[in-house]
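> Handing you a structure now.
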Amino acid sequence: MGESPVIYRDLKKQYTSKYCFVCGEENASGLAARFYELGNHEIVAVFTGRPDHCSYPDRMHGGVISAMLDETIGRAILIDEPDVFGVTVDLSVQFKKPVPLETELRIVARITKNRSRLFEGTGELLLPDGTVAATGYGKYMKLSFEDITKNETGEELKFTTKPDDKTEIEL
């Protein structure tokens, strides 16, 4: 018998941007992922791949899976350091099971090592039944929120936190 799922409440939703492929709410090609801090030093991404995210029929492209693991692990630093972004230095992904499209999926990630300029983390893509379909390890350089959110002209790029109806997440 498998473990009973854990239900997390008191979620803290992280911000998103307009056009990011992973979280952009106005990117027609993107994943429109939502990110929630779980209160246990882990973060969860919730997303649904569409047919335009496929590789083989009815299977999510490995590059999309890698992007989701990368973004989720990189965002885990915001739990303890909300003024820091993670910029990918190294990413390793292991694919274990096919990932379906048009199915709500979750990625859970956490920081495993945190130093002054770099951090490392791991994450797992979970299928609806809790099976791990892919795992990732990443190393990230810390950049200040201010440094990464300015464009070439010095204008600040905008991030938002739109309310949603998610009040709990089951893992």
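For the structure tokens, the naming scheme is as follows: chains receive sequential letters (A, B, ...) according to their order of presentation, residues are indexed from 1 within each chain, and ligands are indexed from 1 in presentation order.
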For Arg110 in chain A, work out the shell of residues within 6 Å, counting only C-alpha atoms and skipping chain neighbours fewer than 2 positions away, then give it as JSON, numbers by chain.

{"A": [42, 76, 121, 122]}

> May I ask for the distance between CA of Cys20 in chain A and CA of Tyr8 in chain A, given in Å to one decimal place?

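Between CA of Cys20 in chain A and CA of Tyr8 in chain A the gap is 26.5 Å.
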
> Quick one: residues within 10 Å of Phe85 in chain A, only C-alpha atoms, excluding same-chain residues fewer than 4 positions away - as an mmCIF file with all heavy atoms, in the first residue's frame?


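Resulting contents of selection.cif:
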```cif
data_model
loop_
_atom_site.group_PDB
_atom_site.id
_atom_site.type_symbol
_atom_site.label_atom_id
_atom_site.label_comp_id
_atom_site.auth_asym_id
_atom_site.auth_seq_id
_atom_site.Cartn_x
_atom_site.Cartn_y
_atom_site.Cartn_z
ATOM 1 N N GLY A 74 14.506 26.666 -9.375
ATOM 2 C CA GLY A 74 15.056 28.020 -9.278
ATOM 3 C C GLY A 74 14.212 28.949 -8.430
ATOM 4 O O GLY A 74 14.729 29.846 -7.756
ATOM 5 N N ARG A 75 12.910 28.775 -8.416
ATOM 6 C CA ARG A 75 12.009 29.615 -7.612
ATOM 7 C C ARG A 75 12.020 29.236 -6.130
ATOM 8 O O ARG A 75 11.566 30.015 -5.296
ATOM 9 C CB ARG A 75 10.577 29.491 -8.116
ATOM 10 C CG ARG A 75 10.275 30.328 -9.317
ATOM 11 C CD ARG A 75 8.873 30.006 -9.814
ATOM 12 N NE ARG A 75 8.416 30.941 -10.806
ATOM 13 C CZ ARG A 75 7.678 32.017 -10.551
ATOM 14 N NH1 ARG A 75 7.311 32.288 -9.321
ATOM 15 N NH2 ARG A 75 7.309 32.822 -11.521
ATOM 16 N N ALA A 76 12.509 28.061 -5.789
ATOM 17 C CA ALA A 76 12.505 27.642 -4.387
ATOM 18 C C ALA A 76 13.308 28.594 -3.507
ATOM 19 O O ALA A 76 13.017 28.737 -2.325
ATOM 20 C CB ALA A 76 13.027 26.208 -4.253
ATOM 21 N N ILE A 77 14.290 29.285 -4.064
ATOM 22 C CA ILE A 77 15.099 30.227 -3.279
ATOM 23 C C ILE A 77 14.250 31.376 -2.749
ATOM 24 O O ILE A 77 14.560 31.977 -1.714
ATOM 25 C CB ILE A 77 16.301 30.759 -4.098
ATOM 26 C CG1 ILE A 77 17.328 31.444 -3.180
ATOM 27 C CG2 ILE A 77 15.859 31.712 -5.198
ATOM 28 C CD1 ILE A 77 18.020 30.525 -2.223
ATOM 29 N N LEU A 78 13.152 31.692 -3.425
ATOM 30 C CA LEU A 78 12.299 32.811 -3.007
ATOM 31 C C LEU A 78 11.646 32.568 -1.646
ATOM 32 O O LEU A 78 11.218 33.517 -0.987
ATOM 33 C CB LEU A 78 11.217 33.075 -4.062
ATOM 34 C CG LEU A 78 11.725 33.572 -5.411
ATOM 35 C CD1 LEU A 78 10.620 33.509 -6.446
ATOM 36 C CD2 LEU A 78 12.292 34.964 -5.289
ATOM 37 N N GLU A 81 14.705 33.741 0.495
ATOM 38 C CA GLU A 81 15.352 34.965 0.023
ATOM 39 C C GLU A 81 14.467 35.614 -1.041
ATOM 40 O O GLU A 81 14.721 35.483 -2.241
ATOM 41 C CB GLU A 81 16.741 34.655 -0.521
ATOM 42 C CG GLU A 81 17.664 34.054 0.531
ATOM 43 C CD GLU A 81 19.074 33.818 0.026
ATOM 44 O OE1 GLU A 81 19.613 34.709 -0.666
ATOM 45 O OE2 GLU A 81 19.635 32.746 0.326
ATOM 46 N N TYR A 140 22.298 27.117 -9.288
ATOM 47 C CA TYR A 140 21.859 28.447 -9.707
ATOM 48 C C TYR A 140 22.730 29.526 -9.087
ATOM 49 O O TYR A 140 23.150 29.415 -7.930
ATOM 50 C CB TYR A 140 20.395 28.685 -9.283
ATOM 51 C CG TYR A 140 19.474 27.665 -9.873
ATOM 52 C CD1 TYR A 140 19.330 26.410 -9.303
ATOM 53 C CD2 TYR A 140 18.763 27.938 -11.036
ATOM 54 C CE1 TYR A 140 18.505 25.454 -9.859
ATOM 55 C CE2 TYR A 140 17.927 26.982 -11.598
ATOM 56 C CZ TYR A 140 17.811 25.739 -11.005
ATOM 57 O OH TYR A 140 16.998 24.801 -11.568
ATOM 58 N N MET A 141 22.963 30.575 -9.867
ATOM 59 C CA MET A 141 23.627 31.762 -9.358
ATOM 60 C C MET A 141 22.548 32.707 -8.854
ATOM 61 O O MET A 141 21.499 32.863 -9.479
ATOM 62 C CB MET A 141 24.426 32.448 -10.474
ATOM 63 C CG MET A 141 25.121 33.713 -10.034
ATOM 64 S SD MET A 141 26.164 34.444 -11.318
ATOM 65 C CE MET A 141 25.011 34.610 -12.656
ATOM 66 N N LYS A 142 22.801 33.341 -7.729
ATOM 67 C CA LYS A 142 21.852 34.298 -7.168
ATOM 68 C C LYS A 142 22.051 35.666 -7.811
ATOM 69 O O LYS A 142 23.167 36.162 -7.898
ATOM 70 C CB LYS A 142 22.049 34.441 -5.661
ATOM 71 C CG LYS A 142 21.741 33.199 -4.881
ATOM 72 C CD LYS A 142 22.000 33.452 -3.399
ATOM 73 C CE LYS A 142 21.795 32.213 -2.580
ATOM 74 N NZ LYS A 142 22.052 32.467 -1.140
ATOM 75 N N LEU A 143 20.963 36.250 -8.280
ATOM 76 C CA LEU A 143 20.953 37.628 -8.753
ATOM 77 C C LEU A 143 19.842 38.355 -8.025
ATOM 78 O O LEU A 143 18.789 37.770 -7.750
ATOM 79 C CB LEU A 143 20.709 37.706 -10.261
ATOM 80 C CG LEU A 143 21.873 37.341 -11.168
ATOM 81 C CD1 LEU A 143 21.480 37.549 -12.622
ATOM 82 C CD2 LEU A 143 23.104 38.163 -10.862
ATOM 83 N N SER A 144 20.096 39.622 -7.755
ATOM 84 C CA SER A 144 19.065 40.386 -7.059
ATOM 85 C C SER A 144 17.860 40.586 -7.962
ATOM 86 O O SER A 144 17.976 40.657 -9.186
ATOM 87 C CB SER A 144 19.608 41.742 -6.614
ATOM 88 O OG SER A 144 19.746 42.601 -7.727
ATOM 89 N N PHE A 145 16.715 40.680 -7.332
ATOM 90 C CA PHE A 145 15.476 40.942 -8.047
ATOM 91 C C PHE A 145 15.630 42.194 -8.905
ATOM 92 O O PHE A 145 15.231 42.218 -10.059
ATOM 93 C CB PHE A 145 14.345 41.114 -7.025
ATOM 94 C CG PHE A 145 12.993 41.273 -7.626
ATOM 95 C CD1 PHE A 145 12.288 40.178 -8.076
ATOM 96 C CD2 PHE A 145 12.413 42.520 -7.748
ATOM 97 C CE1 PHE A 145 11.031 40.313 -8.635
ATOM 98 C CE2 PHE A 145 11.155 42.668 -8.304
ATOM 99 C CZ PHE A 145 10.468 41.567 -8.747
ATOM 100 N N GLU A 146 16.261 43.223 -8.346
ATOM 101 C CA GLU A 146 16.451 44.483 -9.069
ATOM 102 C C GLU A 146 17.291 44.291 -10.333
ATOM 103 O O GLU A 146 16.965 44.801 -11.384
ATOM 104 C CB GLU A 146 17.122 45.509 -8.153
ATOM 105 C CG GLU A 146 17.313 46.855 -8.806
ATOM 106 C CD GLU A 146 17.970 47.856 -7.864
ATOM 107 O OE1 GLU A 146 17.561 47.909 -6.687
ATOM 108 O OE2 GLU A 146 18.882 48.553 -8.324
ATOM 109 N N ASP A 147 18.377 43.520 -10.230
ATOM 110 C CA ASP A 147 19.257 43.309 -11.387
ATOM 111 C C ASP A 147 18.566 42.547 -12.511
ATOM 112 O O ASP A 147 18.785 42.824 -13.679
ATOM 113 C CB ASP A 147 20.516 42.545 -10.978
ATOM 114 C CG ASP A 147 21.491 43.393 -10.193
ATOM 115 O OD1 ASP A 147 21.365 44.641 -10.225
ATOM 116 O OD2 ASP A 147 22.370 42.806 -9.532
ATOM 117 N N ILE A 148 17.752 41.591 -12.182
ATOM 118 C CA ILE A 148 17.172 40.733 -13.208
ATOM 119 C C ILE A 148 15.868 41.278 -13.780
ATOM 120 O O ILE A 148 15.425 40.849 -14.832
ATOM 121 C CB ILE A 148 17.006 39.295 -12.690
ATOM 122 C CG1 ILE A 148 17.053 38.330 -13.859
ATOM 123 C CG2 ILE A 148 15.777 39.142 -11.862
ATOM 124 C CD1 ILE A 148 17.414 36.942 -13.487
ATOM 125 N N THR A 149 15.252 42.243 -13.123
ATOM 126 C CA THR A 149 13.968 42.746 -13.601
ATOM 127 C C THR A 149 14.066 44.075 -14.326
ATOM 128 O O THR A 149 13.058 44.702 -14.609
ATOM 129 C CB THR A 149 12.960 42.882 -12.444
ATOM 130 O OG1 THR A 149 13.494 43.778 -11.471
ATOM 131 C CG2 THR A 149 12.649 41.534 -11.829
#
```

> Residues at most 7 Å from Leu101 in chain A, counting only C-alpha atoms, excluding those fewer than 2 positions away in the same chain, as a compact mmCIF listing (two decimals) with N, CA, C and O atoms, in the first residue's frame?


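This went into selection_25.txt:
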```txt
# COMPACT_ATOMS: atom_id res chain seq x y z
N THR A 48 -0.67 22.44 -16.66
CA THR A 48 -1.26 21.46 -17.57
C THR A 48 -0.68 21.68 -18.95
O THR A 48 -0.78 22.77 -19.51
N GLY A 49 -0.03 20.64 -19.49
CA GLY A 49 0.51 20.73 -20.84
C GLY A 49 -0.60 20.59 -21.87
O GLY A 49 -1.56 19.85 -21.67
N ARG A 50 -0.46 21.34 -22.96
CA ARG A 50 -1.44 21.30 -24.05
C ARG A 50 -0.85 20.52 -25.24
O ARG A 50 0.34 20.22 -25.26
N PRO A 51 -1.66 20.22 -26.23
CA PRO A 51 -1.17 19.48 -27.40
C PRO A 51 0.04 20.14 -28.08
O PRO A 51 0.89 19.44 -28.62
N ASP A 58 0.57 12.56 -27.67
CA ASP A 58 0.00 12.54 -26.31
C ASP A 58 1.04 12.52 -25.20
O ASP A 58 0.72 12.17 -24.07
N ARG A 59 2.29 12.89 -25.49
CA ARG A 59 3.34 12.93 -24.48
C ARG A 59 4.02 14.29 -24.48
O ARG A 59 4.32 14.84 -25.54
N MET A 60 4.28 14.79 -23.28
CA MET A 60 4.92 16.09 -23.15
C MET A 60 6.37 16.02 -23.62
O MET A 60 7.08 15.05 -23.35
N VAL A 99 4.99 11.57 -19.74
CA VAL A 99 4.19 12.61 -19.08
C VAL A 99 3.02 12.97 -20.00
O VAL A 99 3.23 13.40 -21.14
N THR A 103 -3.48 17.13 -18.65
CA THR A 103 -3.64 16.56 -17.32
C THR A 103 -2.95 17.49 -16.34
O THR A 103 -1.80 17.86 -16.56
```

> Using DSSP assignments from the backbone, pull out every residue in range 37-156 of chain A that falls under alpha helix (DSSP H) and give it to me as a PyMOL selection string.

chain A and resi 62-75+145-148

> Go ahead and save the residues from that selection, with N, CA, C and O atoms, as a compact mmCIF listing (two decimals), in the first residue's frame.


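As written to disk, selection-v2.txt reads:
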```
# COMPACT_ATOMS: atom_id res chain seq x y z
N GLY A 62 10.27 16.58 -23.68
CA GLY A 62 11.26 16.61 -22.61
C GLY A 62 11.80 18.00 -22.32
O GLY A 62 12.16 18.31 -21.18
N GLY A 63 11.86 18.85 -23.33
CA GLY A 63 12.31 20.22 -23.11
C GLY A 63 11.34 21.01 -22.24
O GLY A 63 11.74 21.85 -21.42
N VAL A 64 10.06 20.75 -22.40
CA VAL A 64 9.04 21.41 -21.58
C VAL A 64 9.15 20.90 -20.13
O VAL A 64 9.10 21.70 -19.18
N ILE A 65 9.35 19.61 -19.97
CA ILE A 65 9.53 19.04 -18.64
C ILE A 65 10.76 19.66 -17.98
O ILE A 65 10.73 20.06 -16.81
N SER A 66 11.85 19.76 -18.73
CA SER A 66 13.09 20.35 -18.21
C SER A 66 12.88 21.80 -17.81
O SER A 66 13.35 22.24 -16.74
N ALA A 67 12.17 22.55 -18.64
CA ALA A 67 11.89 23.96 -18.31
C ALA A 67 11.09 24.09 -17.03
O ALA A 67 11.37 24.96 -16.18
N MET A 68 10.12 23.22 -16.85
CA MET A 68 9.30 23.27 -15.63
C MET A 68 10.11 22.91 -14.40
O MET A 68 10.01 23.56 -13.35
N LEU A 69 10.93 21.87 -14.48
CA LEU A 69 11.79 21.53 -13.34
C LEU A 69 12.76 22.66 -13.03
O LEU A 69 12.94 23.04 -11.87
N ASP A 70 13.36 23.22 -14.06
CA ASP A 70 14.31 24.32 -13.90
C ASP A 70 13.66 25.51 -13.19
O ASP A 70 14.20 26.04 -12.21
N GLU A 71 12.52 25.94 -13.67
CA GLU A 71 11.84 27.10 -13.09
C GLU A 71 11.41 26.83 -11.65
O GLU A 71 11.56 27.69 -10.78
N THR A 72 10.91 25.65 -11.38
CA THR A 72 10.42 25.35 -10.04
C THR A 72 11.57 25.27 -9.03
O THR A 72 11.49 25.87 -7.95
N ILE A 73 12.64 24.57 -9.38
CA ILE A 73 13.79 24.51 -8.49
C ILE A 73 14.36 25.91 -8.29
O ILE A 73 14.66 26.32 -7.16
N GLY A 74 14.51 26.67 -9.38
CA GLY A 74 15.06 28.02 -9.28
C GLY A 74 14.21 28.95 -8.43
O GLY A 74 14.73 29.85 -7.76
N ARG A 75 12.91 28.77 -8.42
CA ARG A 75 12.01 29.61 -7.61
C ARG A 75 12.02 29.24 -6.13
O ARG A 75 11.57 30.01 -5.30
N PHE A 145 16.71 40.68 -7.33
CA PHE A 145 15.48 40.94 -8.05
C PHE A 145 15.63 42.19 -8.90
O PHE A 145 15.23 42.22 -10.06
N GLU A 146 16.26 43.22 -8.35
CA GLU A 146 16.45 44.48 -9.07
C GLU A 146 17.29 44.29 -10.33
O GLU A 146 16.97 44.80 -11.38
N ASP A 147 18.38 43.52 -10.23
CA ASP A 147 19.26 43.31 -11.39
C ASP A 147 18.57 42.55 -12.51
O ASP A 147 18.79 42.82 -13.68
N ILE A 148 17.75 41.59 -12.18
CA ILE A 148 17.17 40.73 -13.21
C ILE A 148 15.87 41.28 -13.78
O ILE A 148 15.42 40.85 -14.83
```

> Extract the full set of strand (DSSP E or B) residues from chain A according to DSSP on the backbone, and format it as an MDAnalysis selection string.

chainID A and resid 7:8 12:13 16:17 34:37 42:48 54 59:60 84:95 100 104:114 118:126 132:144 150 156 159:160 169:170
